[in-house]
Structure formats: structure tokens, C-alpha cells
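Asks: Shown below is the structure under consideration.
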Amino acid sequence: MIEFDRVNVHYGKNHVLHDLTAKIEAGEVVALIGANAAGKTTALRTALGLKNLSSGSLRFAGEDVSSLSTHERVERGLILVPEGRQVFVKFTVTENLLMGAYHRNDRNKVQVELDHVYDLFPRLRERKSQKAGSMSGGEQQMLAIGRGLGKTEMPVARRTDNGAGTNHRARDFDHLRQAGRQRHNDPPG
Ligand SMILES: Nc1ncnc2c1ncn2[C@@H]1O[C@H](COP(=O)(O)OP(=O)(O)O)[C@@H](O)[C@H]1O
Ligand SMILES: [Mg+2]
């Protein structure tokens, strides 16, 4: 589903990704582990087109997306869940989720996506009218993941450990795994 093929990335003279080659299939959940400054964030930014590759290619859902803009990749279902939550604190849970669906103009589909996220995270349904900034760190992280999951083939999650604690981290992975399985068995229309 997503395939890095001999991807090289530089920041100036700093050669950060060396022939990165990896293939992740639909329904798989993969953790990218590495030392500080190894290039994990750079790999994810490159997947989304937030950083250009120097050479190599990136395929997503059968298509070479290497030269597509970030928003074109997002439209195809490649989503980055931001590091450190980054929810809109003054907006409610529902408003935050709707912002994740902003590229959809079909209202029925938006409602289906909202329901899907609320089924996955009942805690968010209970708090749907609450301002995101007044929720706990772990709940905000759920919201950041839910916002990315609204409509996606391949959520690309960044570190989920900021203040959320080990239990939340484990749960985040459970949710991602569950979402991955659901998408795999029941591909979005
Ligand atoms: N915007 C940038 N400009 C210049 N160098 C950067 C930039 N972002 C990251 N780097 C460098 O690229 C290397 C990899 O960083 P990063 O991908 O953030 O590592 P990780 O997420 O694995 O800790 C580091 O040496 C870092 O200093
Ligand atoms: Mg990083």
C-alpha cells in the first residue's frame, strides 16, 4: 500500500535518509524505531511531501506520489497525525473532527466518518461538545488520532507519547491496529 523505494533525503549537506526501502501493506501497523536524529520524523514528513526527496520514489495505493503536493496526497488518503496532539483547543471535539474532514463536501459521508470515529473512541462521543483544550492529554491524543482517521487509507502516526503515558500509548496502538484491520476488511467506498 505504501512503498519507499531507495529514498534519499538531505537537509543541505546533511544526508539523513540513505536508500530507505520499505513496504507496508494495507491493514499492517508498523512502528518506526530509531535513535534521536535518526530520521524518523524526516521519513514521515517525506511520505506526506512536507520534505522533498533527493532521489528514489514513493508509491501509495499503486500510484507514484513522489511529485504530488501534500494536499493531493491527503486527498488520496495519506494522513499524518501530528506529534504532540496539536488539536484546536478552543474548538469542540466535533468541530476538531469536522476540520479533519474539511476536504469532503459530501455531508452524508462526513456524518459516516464522524460516527466511525465515535465508534472507535466512545470517550470522544461522550465529550463531543467539550472544548478540546479542557480534555486530558490522553483524550486530546485520541482526538488527534480520530481527526486523522476520519477518512484515511493509511494513517501515519507520529510519536504518541507526549504526556499521554504508557497506558495511553498502548491504547493508541490498539486503536490504530483496530482501524487498520477495519479498513483492510471493509475498504472505504
Ligand atoms: N528542518 C530541518 N533543517 C535542517 N536539518 C534538519 C531539519 N529537520 C531535521 N533535520 C536534521 O535531520 C536529522 C534527522 O532529524 P529527524 O528526522 O527529526 O530525526 P528523528 O525524528 O529520528 O529524531 C537530524 O540530524 C536533524 O538535525
Ligand atoms: Mg522525530
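Just remember, in the C-alpha cells the first chain shown is A, the second B, etc., residues are 1-based per chain, and ligands are 1-based in the order shown.
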Find the spatial neighbours of A:Arg125, counting only C-alpha atoms, within a cut-off of 12 Å - ignore same-chain residues fewer than 3 positions away - and output them as number ranges by chain.
Replies: A: 92-94, 97, 114-122, 128-130, 139, 142-143, 146
Asks: Which residues come within 10 Å of A:Phe60, counting only C-alpha atoms, excluding same-chain residues fewer than 3 positions away, as a list in words?
Replies: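 The contact residues come out as Met1, Ile2, Glu3, Phe4, Lys23, Ile24, Ala47, Glu63, Asp64, Val65, Ser66, Arg73, Arg76, Gly77, Leu78, Glu153 and Met154 of chain A.
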Asks: Can you pull out every residue with an atom within 9 Å of ligand 2? Use only C-alpha atoms and all ligand atoms and format it as a count of residues only.
Replies: 11
Asks: From the options A:Val30, A:Leu68, A:Ala35, A:Leu98, which residue's atoms come nearest to ligand 1, counting only C-alpha atoms and all ligand atoms?
Replies: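 Nearest candidate to ligand 1 out of A:Val30, A:Leu68, A:Ala35, A:Leu98: A:Ala35.
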Asks: Which is closer to ligand 1 than all the others in A:Asp5, A:Lys51, A:Asp19, A:Val89, using only C-alpha atoms and all ligand atoms?
Replies: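 That would be A:Lys51, the residue with the smallest distance to ligand 1.
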Asks: Could you pull out the residues in stretch 45-151 of chain A that DSSP calls alpha helix (DSSP H) from the backbone, as a PyMOL selection string?
Replies: chain A and resi 45-48+70-75+93-100+107-120+122-126+137-149
Asks: Selected residues, N, CA and C atoms, written as a short mmCIF file (atom, residue, chain, number, x, y, z; two decimals), in the first residue's frame, please.
Replies:
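The resulting file, selection_2.cif, is shown below:
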```cif
data_model
loop_
_atom_site.label_atom_id
_atom_site.label_comp_id
_atom_site.auth_asym_id
_atom_site.auth_seq_id
_atom_site.Cartn_x
_atom_site.Cartn_y
_atom_site.Cartn_z
N ARG A 45 7.68 13.02 7.25
CA ARG A 45 7.47 14.28 6.52
C ARG A 45 7.64 14.05 5.01
N THR A 46 8.58 13.18 4.67
CA THR A 46 8.81 12.87 3.27
C THR A 46 7.60 12.13 2.67
N ALA A 47 7.01 11.22 3.47
CA ALA A 47 5.84 10.47 2.98
C ALA A 47 4.72 11.43 2.58
N LEU A 48 4.59 12.51 3.35
CA LEU A 48 3.50 13.47 3.12
C LEU A 48 3.89 14.57 2.13
N THR A 70 1.37 17.99 -0.97
CA THR A 70 0.85 17.40 0.27
C THR A 70 -0.67 17.26 0.21
N HIS A 71 -1.36 18.30 -0.25
CA HIS A 71 -2.83 18.20 -0.20
C HIS A 71 -3.34 17.15 -1.16
N GLU A 72 -2.63 16.93 -2.26
CA GLU A 72 -3.04 15.87 -3.18
C GLU A 72 -2.85 14.49 -2.53
N ARG A 73 -1.82 14.36 -1.72
CA ARG A 73 -1.60 13.08 -1.03
C ARG A 73 -2.69 12.87 0.02
N VAL A 74 -3.02 13.95 0.74
CA VAL A 74 -4.07 13.85 1.76
C VAL A 74 -5.39 13.44 1.11
N GLU A 75 -5.70 14.02 -0.04
CA GLU A 75 -6.93 13.67 -0.75
C GLU A 75 -6.97 12.19 -1.10
N VAL A 93 -14.83 19.01 20.40
CA VAL A 93 -14.38 17.74 19.82
C VAL A 93 -14.95 17.56 18.41
N THR A 94 -16.26 17.77 18.29
CA THR A 94 -16.88 17.60 16.97
C THR A 94 -16.28 18.56 15.95
N GLU A 95 -16.09 19.81 16.36
CA GLU A 95 -15.51 20.80 15.42
C GLU A 95 -14.11 20.37 14.96
N ASN A 96 -13.33 19.84 15.90
CA ASN A 96 -12.00 19.36 15.53
C ASN A 96 -12.10 18.23 14.51
N LEU A 97 -13.04 17.31 14.74
CA LEU A 97 -13.18 16.18 13.81
C LEU A 97 -13.66 16.67 12.45
N LEU A 98 -14.53 17.67 12.46
CA LEU A 98 -15.02 18.19 11.16
C LEU A 98 -13.87 18.83 10.39
N MET A 99 -12.92 19.43 11.12
CA MET A 99 -11.78 20.03 10.40
C MET A 99 -10.95 18.95 9.73
N GLY A 100 -10.94 17.74 10.32
CA GLY A 100 -10.23 16.62 9.68
C GLY A 100 -10.94 16.18 8.42
N ARG A 107 -21.97 15.74 2.73
CA ARG A 107 -22.33 15.77 4.15
C ARG A 107 -22.63 14.40 4.72
N ASN A 108 -23.27 13.54 3.93
CA ASN A 108 -23.58 12.21 4.45
C ASN A 108 -22.31 11.46 4.77
N LYS A 109 -21.31 11.61 3.90
CA LYS A 109 -20.06 10.91 4.14
C LYS A 109 -19.36 11.46 5.38
N VAL A 110 -19.45 12.77 5.56
CA VAL A 110 -18.84 13.37 6.75
C VAL A 110 -19.49 12.78 8.00
N GLN A 111 -20.82 12.63 7.98
CA GLN A 111 -21.52 12.07 9.14
C GLN A 111 -21.09 10.62 9.39
N VAL A 112 -20.92 9.86 8.32
CA VAL A 112 -20.48 8.47 8.46
C VAL A 112 -19.08 8.43 9.08
N GLU A 113 -18.23 9.35 8.65
CA GLU A 113 -16.87 9.41 9.21
C GLU A 113 -16.90 9.75 10.69
N LEU A 114 -17.73 10.75 11.04
CA LEU A 114 -17.84 11.13 12.46
C LEU A 114 -18.28 9.93 13.29
N ASP A 115 -19.32 9.23 12.81
CA ASP A 115 -19.83 8.08 13.55
C ASP A 115 -18.75 7.02 13.69
N HIS A 116 -17.98 6.86 12.63
CA HIS A 116 -16.91 5.85 12.66
C HIS A 116 -15.89 6.19 13.76
N VAL A 117 -15.50 7.45 13.81
CA VAL A 117 -14.52 7.87 14.83
C VAL A 117 -15.12 7.72 16.23
N TYR A 118 -16.40 8.08 16.39
CA TYR A 118 -17.03 7.97 17.70
C TYR A 118 -17.21 6.51 18.11
N ASP A 119 -17.41 5.61 17.14
CA ASP A 119 -17.50 4.19 17.49
C ASP A 119 -16.15 3.67 17.98
N LEU A 120 -15.10 4.19 17.35
CA LEU A 120 -13.75 3.76 17.71
C LEU A 120 -13.32 4.35 19.06
N PRO A 122 -15.37 5.84 21.99
CA PRO A 122 -16.61 6.25 22.67
C PRO A 122 -16.38 7.43 23.61
N ARG A 123 -15.18 7.54 24.16
CA ARG A 123 -14.84 8.64 25.05
C ARG A 123 -15.02 9.99 24.34
N LEU A 124 -14.70 10.03 23.08
CA LEU A 124 -14.86 11.28 22.33
C LEU A 124 -16.34 11.58 22.10
N ARG A 125 -17.14 10.53 21.90
CA ARG A 125 -18.59 10.75 21.70
C ARG A 125 -19.17 11.39 22.96
N GLU A 126 -18.75 10.85 24.14
CA GLU A 126 -19.25 11.40 25.41
C GLU A 126 -18.90 12.87 25.56
N GLY A 137 -4.69 15.05 28.51
CA GLY A 137 -3.69 14.85 27.45
C GLY A 137 -4.00 13.63 26.59
N GLY A 138 -4.37 12.54 27.26
CA GLY A 138 -4.67 11.30 26.54
C GLY A 138 -5.89 11.46 25.65
N GLU A 139 -6.89 12.17 26.16
CA GLU A 139 -8.10 12.38 25.36
C GLU A 139 -7.80 13.26 24.15
N GLN A 140 -6.93 14.25 24.35
CA GLN A 140 -6.56 15.10 23.21
C GLN A 140 -5.80 14.29 22.16
N GLN A 141 -5.01 13.33 22.65
CA GLN A 141 -4.29 12.50 21.69
C GLN A 141 -5.26 11.62 20.90
N MET A 142 -6.29 11.10 21.60
CA MET A 142 -7.33 10.33 20.89
C MET A 142 -7.96 11.19 19.81
N LEU A 143 -8.21 12.44 20.17
CA LEU A 143 -8.85 13.35 19.21
C LEU A 143 -7.94 13.58 18.00
N ALA A 144 -6.64 13.76 18.26
CA ALA A 144 -5.72 13.98 17.14
C ALA A 144 -5.69 12.75 16.23
N ILE A 145 -5.75 11.57 16.83
CA ILE A 145 -5.76 10.34 16.02
C ILE A 145 -7.10 10.23 15.29
N GLY A 146 -8.18 10.48 16.02
CA GLY A 146 -9.52 10.40 15.41
C GLY A 146 -9.67 11.35 14.24
N ARG A 147 -9.13 12.54 14.39
CA ARG A 147 -9.20 13.53 13.31
C ARG A 147 -8.49 13.01 12.07
N GLY A 148 -7.36 12.34 12.28
CA GLY A 148 -6.64 11.78 11.14
C GLY A 148 -7.34 10.57 10.54
N LEU A 149 -8.04 9.82 11.40
CA LEU A 149 -8.65 8.57 10.93
C LEU A 149 -9.95 8.79 10.17
#
```
Asks: Rank A:Gly133, A:Leu50, A:Asp174, A:Arg59 by their smallest atom-to-atom distance to A:Thr21, using only C-alpha atoms, and report the top residue only.
Replies: A:Arg59
Asks: Could you give me the residues within stretch 37-123 of chain A that DSSP places in strand (DSSP E or B), as number ranges by chain?
Replies: A: 55-60, 63-64, 78-81, 92
Asks: I need the chosen residues saved as a compact mmCIF listing (two decimals), in the first residue's frame, with N, CA and C atoms.
Replies:
```txt
# COMPACT_ATOMS: atom_id res chain seq x y z
N SER A 55 16.34 11.64 -4.15
CA SER A 55 16.22 10.61 -5.17
C SER A 55 15.39 9.47 -4.60
N GLY A 56 14.97 8.56 -5.49
CA GLY A 56 14.12 7.46 -5.07
C GLY A 56 12.67 7.79 -5.35
N SER A 57 11.77 6.89 -4.93
CA SER A 57 10.36 7.15 -5.19
C SER A 57 9.49 6.62 -4.06
N LEU A 58 8.29 7.15 -4.04
CA LEU A 58 7.32 6.78 -3.02
C LEU A 58 6.02 6.45 -3.73
N ARG A 59 5.52 5.24 -3.46
CA ARG A 59 4.24 4.83 -4.05
C ARG A 59 3.21 4.71 -2.95
N PHE A 60 1.99 5.07 -3.28
CA PHE A 60 0.89 4.92 -2.33
C PHE A 60 -0.33 4.41 -3.10
N GLU A 63 0.09 4.11 -6.82
CA GLU A 63 0.40 5.29 -7.62
C GLU A 63 1.71 5.91 -7.13
N ASP A 64 2.53 6.39 -8.06
CA ASP A 64 3.73 7.12 -7.66
C ASP A 64 3.30 8.51 -7.20
N LEU A 78 -3.65 9.65 2.48
CA LEU A 78 -2.40 9.54 3.26
C LEU A 78 -2.42 10.67 4.29
N ILE A 79 -2.45 10.30 5.56
CA ILE A 79 -2.69 11.28 6.62
C ILE A 79 -1.58 11.23 7.65
N LEU A 80 -1.20 12.38 8.16
CA LEU A 80 -0.21 12.44 9.24
C LEU A 80 -0.92 12.90 10.51
N VAL A 81 -0.85 12.08 11.55
CA VAL A 81 -1.38 12.52 12.85
C VAL A 81 -0.27 13.31 13.52
N THR A 92 -14.67 22.60 19.86
CA THR A 92 -15.17 21.37 20.48
C THR A 92 -14.59 20.15 19.77
```
